[in-house]
$ cat target36.pdb   # PDB, C-alpha atoms
ATOM      1  CA  ILE Y 426     -23.360 -13.993-120.928  1.00  0.00           C
ATOM      2  CA  TYR Y 427     -20.449 -12.538-118.982  1.00  0.00           C
ATOM      3  CA  CYS Y 428     -19.361 -10.079-121.683  1.00  0.00           C
ATOM      4  CA  LEU Y 429     -19.647  -9.383-125.387  1.00  0.00           C
ATOM      5  CA  ALA Y 430     -17.999  -7.226-128.025  1.00  0.00           C
ATOM      6  CA  ALA Y 431     -19.350  -6.068-131.382  1.00  0.00           C
ATOM      7  CA  HIS Y 432     -17.016  -6.188-134.370  1.00  0.00           C
ATOM      8  CA  PRO Y 433     -16.498  -2.626-135.666  1.00  0.00           C
ATOM      9  CA  LYS Y 434     -16.916  -3.508-139.365  1.00  0.00           C
ATOM     10  CA  GLU Y 435     -18.646  -6.884-139.642  1.00  0.00           C
ATOM     11  CA  ARG Y 436     -21.893  -8.252-138.276  1.00  0.00           C
ATOM     12  CA  THR Y 437     -20.096 -10.375-135.699  1.00  0.00           C
ATOM     13  CA  LEU Y 438     -20.459 -10.583-131.924  1.00  0.00           C
ATOM     14  CA  ALA Y 439     -17.824 -12.068-129.649  1.00  0.00           C
ATOM     15  CA  VAL Y 440     -19.653 -13.623-126.696  1.00  0.00           C
ATOM     16  CA  ALA Y 441     -18.216 -15.075-123.489  1.00  0.00           C
ATOM     17  CA  GLY Y 442     -20.290 -16.727-120.803  1.00  0.00           C
ATOM     18  CA  TYR Y 443     -21.152 -19.931-119.039  1.00  0.00           C
ATOM     19  CA  ASN Y 444     -22.214 -21.863-122.167  1.00  0.00           C
ATOM     20  CA  ALA Y 445     -19.505 -20.288-124.339  1.00  0.00           C
ATOM     21  CA  ARG Y 446     -16.693 -21.541-122.144  1.00  0.00           C
ATOM     22  CA  PHE Y 447     -17.932 -25.122-122.242  1.00  0.00           C
ATOM     23  CA  GLN Y 448     -18.657 -25.101-125.978  1.00  0.00           C
ATOM     24  CA  ALA Y 449     -15.201 -23.785-126.802  1.00  0.00           C
ATOM     25  CA  THR Y 450     -13.088 -25.707-124.327  1.00  0.00           C
ATOM     26  CA  GLY Y 451     -15.112 -28.139-122.293  1.00  0.00           C
ATOM     27  CA  GLU Y 452     -13.803 -26.512-119.114  1.00  0.00           C
ATOM     28  CA  GLY Y 453     -12.216 -23.052-118.993  1.00  0.00           C
ATOM     29  CA  GLY Y 454     -13.050 -19.696-120.510  1.00  0.00           C
ATOM     30  CA  GLY Y 455     -14.136 -19.718-124.137  1.00  0.00           C
ATOM     31  CA  ILE Y 456     -15.371 -17.184-126.668  1.00  0.00           C
ATOM     32  CA  VAL Y 457     -17.951 -17.730-129.388  1.00  0.00           C
ATOM     33  CA  LEU Y 458     -17.752 -15.580-132.531  1.00  0.00           C
ATOM     34  CA  PHE Y 459     -21.341 -15.305-133.721  1.00  0.00           C
ATOM     35  CA  ASP Y 460     -22.302 -14.122-137.225  1.00  0.00           C
ATOM     36  CA  THR Y 461     -25.464 -12.044-136.721  1.00  0.00           C
ATOM     37  CA  ALA Y 462     -26.113 -11.811-140.481  1.00  0.00           C
ATOM     38  CA  GLN Y 463     -26.171 -15.601-140.942  1.00  0.00           C
ATOM     39  CA  ASN Y 464     -27.420 -16.360-137.402  1.00  0.00           C
ATOM     40  CA  ASP Y 465     -24.616 -18.898-137.024  1.00  0.00           C
ATOM     41  CA  VAL Y 466     -21.429 -19.579-135.056  1.00  0.00           C
ATOM     42  CA  LYS Y 467     -18.305 -18.571-137.009  1.00  0.00           C
ATOM     43  CA  SER Y 468     -15.643 -19.745-134.562  1.00  0.00           C
ATOM     44  CA  LEU Y 469     -15.089 -21.102-131.076  1.00  0.00           C
ATOM     45  CA  LEU Y 470     -12.001 -19.610-129.418  1.00  0.00           C
ATOM     46  CA  SER Y 471     -10.300 -21.387-126.531  1.00  0.00           C
ATOM     47  CA  GLY Y 472      -7.240 -20.373-124.583  1.00  0.00           C
ATOM     48  CA  HIS Y 473      -8.314 -18.941-121.235  1.00  0.00           C
ATOM     49  CA  SER Y 474      -8.175 -21.147-118.161  1.00  0.00           C
ATOM     50  CA  ARG Y 475     -10.966 -19.152-116.498  1.00  0.00           C
ATOM     51  CA  SER Y 476     -14.103 -17.298-117.548  1.00  0.00           C
ATOM     52  CA  VAL Y 477     -13.599 -14.217-119.714  1.00  0.00           C
ATOM     53  CA  ALA Y 478     -14.593 -11.030-117.863  1.00  0.00           C
ATOM     54  CA  ALA Y 479     -13.849  -8.376-120.515  1.00  0.00           C
ATOM     55  CA  MET Y 480     -13.040  -8.156-124.208  1.00  0.00           C
ATOM     56  CA  ASP Y 481     -13.012  -5.737-127.130  1.00  0.00           C
ATOM     57  CA  TYR Y 482     -12.040  -5.578-130.785  1.00  0.00           C
ATOM     58  CA  SER Y 483      -9.350  -3.292-132.169  1.00  0.00           C
ATOM     59  CA  PRO Y 484     -10.756  -0.375-134.227  1.00  0.00           C
ATOM     60  CA  ALA Y 485      -9.843  -2.192-137.468  1.00  0.00           C
ATOM     61  CA  GLY Y 486     -11.428  -5.411-136.215  1.00  0.00           C
ATOM     62  CA  ASP Y 487      -8.335  -7.494-136.939  1.00  0.00           C
ATOM     63  CA  ARG Y 488      -7.649  -8.250-133.278  1.00  0.00           C
ATOM     64  CA  LEU Y 489      -9.713  -9.197-130.261  1.00  0.00           C
ATOM     65  CA  VAL Y 490      -8.351  -8.768-126.737  1.00  0.00           C
ATOM     66  CA  SER Y 491      -9.888 -10.742-123.883  1.00  0.00           C
ATOM     67  CA  ALA Y 492      -9.140 -10.878-120.174  1.00  0.00           C
ATOM     68  CA  THR Y 493     -10.130 -12.794-117.070  1.00  0.00           C
ATOM     69  CA  SER Y 494     -10.627 -11.247-113.647  1.00  0.00           C
ATOM     70  CA  PHE Y 495      -7.413 -13.046-112.628  1.00  0.00           C
ATOM     71  CA  GLY Y 496      -5.287 -10.960-115.025  1.00  0.00           C
ATOM     72  CA  GLU Y 497      -4.923 -13.459-117.854  1.00  0.00           C
ATOM     73  CA  ILE Y 498      -4.926 -11.505-121.148  1.00  0.00           C
ATOM     74  CA  ILE Y 499      -5.061 -12.979-124.655  1.00  0.00           C
ATOM     75  CA  VAL Y 500      -4.746 -11.216-127.993  1.00  0.00           C
ATOM     76  CA  TRP Y 501      -6.507 -13.011-130.858  1.00  0.00           C
ATOM     77  CA  SER Y 502      -5.412 -12.138-134.405  1.00  0.00           C
ATOM     78  CA  LYS Y 503      -7.758 -12.531-137.368  1.00  0.00           C
ATOM     79  CA  GLU Y 504      -4.844 -12.877-139.814  1.00  0.00           C
ATOM     80  CA  ASN Y 505      -3.623 -15.789-137.683  1.00  0.00           C
ATOM     81  CA  GLU Y 506      -7.041 -17.528-137.873  1.00  0.00           C
ATOM     82  CA  TRP Y 507      -7.913 -16.235-134.380  1.00  0.00           C
ATOM     83  CA  LYS Y 508      -5.130 -18.216-132.726  1.00  0.00           C
ATOM     84  CA  PRO Y 509      -4.335 -16.970-129.190  1.00  0.00           C
ATOM     85  CA  THR Y 510      -1.258 -15.050-128.123  1.00  0.00           C
ATOM     86  CA  ILE Y 511      -0.938 -14.728-124.354  1.00  0.00           C
ATOM     87  CA  ALA Y 512       0.054 -11.204-123.348  1.00  0.00           C
ATOM     88  CA  GLN Y 513       2.967 -11.091-120.918  1.00  0.00           C
ATOM     89  CA  PRO Y 514       3.083  -8.431-118.204  1.00  0.00           C
ATOM     90  CA  ALA Y 515       5.752  -5.750-118.651  1.00  0.00           C
TER      91      ALA Y 515
END
$ encode --input "target36.pdb" --output "structure tokens"
Amino acid sequence: IYCLAAHPKERTLAVAGYNARFQATGEGGGIVLFDTAQNDVKSLLSGHSRSVAAMDYSPAGDRLVSATSFGEIIVWSKENEWKPTIAQPA
């Protein structure tokens, strides 16, 4: 495990690490959303080209932000079925 984030309202952990990246993408950085109540994988998120180094949920839990050590940042939206939006530098 490289990093993890606990959902603020649900029993869900977002986990990124060596196995997570290959399960989600087969190559680059991936995130597994794990339901701790059901002890099951909810979703596999792919979008990073490298391993995820940091991530956190928004206070409402409707967004997850993840980043690599190379500056790649993705915002994942729950209302958009956790589809990635790549954050552009200002």
$ atom_distance --input "target36.pdb" --atom1 "CA of Ala485 (chain Y)" --atom2 "CA of Ala441 (chain Y)"
20.8 Å
$ resolve_selection --input "target36.pdb" --expression "the PyMOL selection byres ((chain Y and resi 479) around 12)" --output "number ranges by chain"
Y: 426-430, 439-442, 454-456, 473, 475-478, 480-482, 489-499
$ resolve_selection --input "target36.pdb" --expression "the PyMOL selection byres ((chain Y and resi 502-506) around 7)" --output "PyMOL selection string"
chain Y and resi 487-489+500-501+507-508
$ closest_residue --input "target36.pdb" --among "Y:Pro484, Y:Thr437, Y:Phe459, Y:Leu470" --to "Thr510 (chain Y)" --atoms "only C-alpha atoms"
Y:Leu470
$ residues_near_point --input "target36.pdb" --point "(-21.7, -3.3, -138.0)" --cutoff "12 Å" --atoms "all atoms listed in the file" --output "PDB file with C-alpha atoms, keeping the file's coordinate frame"
ATOM      1  CA  ALA Y 430     -17.999  -7.226-128.025  1.00  0.00           C
ATOM      2  CA  ALA Y 431     -19.350  -6.068-131.382  1.00  0.00           C
ATOM      3  CA  HIS Y 432     -17.016  -6.188-134.370  1.00  0.00           C
ATOM      4  CA  PRO Y 433     -16.498  -2.626-135.666  1.00  0.00           C
ATOM      5  CA  LYS Y 434     -16.916  -3.508-139.365  1.00  0.00           C
ATOM      6  CA  GLU Y 435     -18.646  -6.884-139.642  1.00  0.00           C
ATOM      7  CA  ARG Y 436     -21.893  -8.252-138.276  1.00  0.00           C
ATOM      8  CA  THR Y 437     -20.096 -10.375-135.699  1.00  0.00           C
ATOM      9  CA  LEU Y 438     -20.459 -10.583-131.924  1.00  0.00           C
ATOM     10  CA  ASP Y 460     -22.302 -14.122-137.225  1.00  0.00           C
ATOM     11  CA  THR Y 461     -25.464 -12.044-136.721  1.00  0.00           C
ATOM     12  CA  ALA Y 462     -26.113 -11.811-140.481  1.00  0.00           C
ATOM     13  CA  PRO Y 484     -10.756  -0.375-134.227  1.00  0.00           C
ATOM     14  CA  ALA Y 485      -9.843  -2.192-137.468  1.00  0.00           C
ATOM     15  CA  GLY Y 486     -11.428  -5.411-136.215  1.00  0.00           C
TER      16      GLY Y 486
END
$ axis_aligned_box --input "target36.pdb" --around "region 459-478 of chain Y" --padding-each-side "6 Å" --output "JSON"
{"center_x": -17.3, "center_y": -16.2, "center_z": -128.7, "size_x": 32.2, "size_y": 22.4, "size_z": 36.4}
$ resolve_selection --input "target36.pdb" --expression "the PyMOL selection byres ((chain Y and resi 469) around 8)" --output "PyMOL selection string"
chain Y and resi 448-449+455-458+466-468+470-471
$ write_last_selection --input "target36.pdb" --atoms "C-alpha atoms" --output "CSV table (one decimal), in the coordinates of the input"
chain,number,residue,atom,x,y,z
Y,448,GLN,CA,-18.7,-25.1,-126.0
Y,449,ALA,CA,-15.2,-23.8,-126.8
Y,455,GLY,CA,-14.1,-19.7,-124.1
Y,456,ILE,CA,-15.4,-17.2,-126.7
Y,457,VAL,CA,-18.0,-17.7,-129.4
Y,458,LEU,CA,-17.8,-15.6,-132.5
Y,466,VAL,CA,-21.4,-19.6,-135.1
Y,467,LYS,CA,-18.3,-18.6,-137.0
Y,468,SER,CA,-15.6,-19.7,-134.6
Y,470,LEU,CA,-12.0,-19.6,-129.4
Y,471,SER,CA,-10.3,-21.4,-126.5
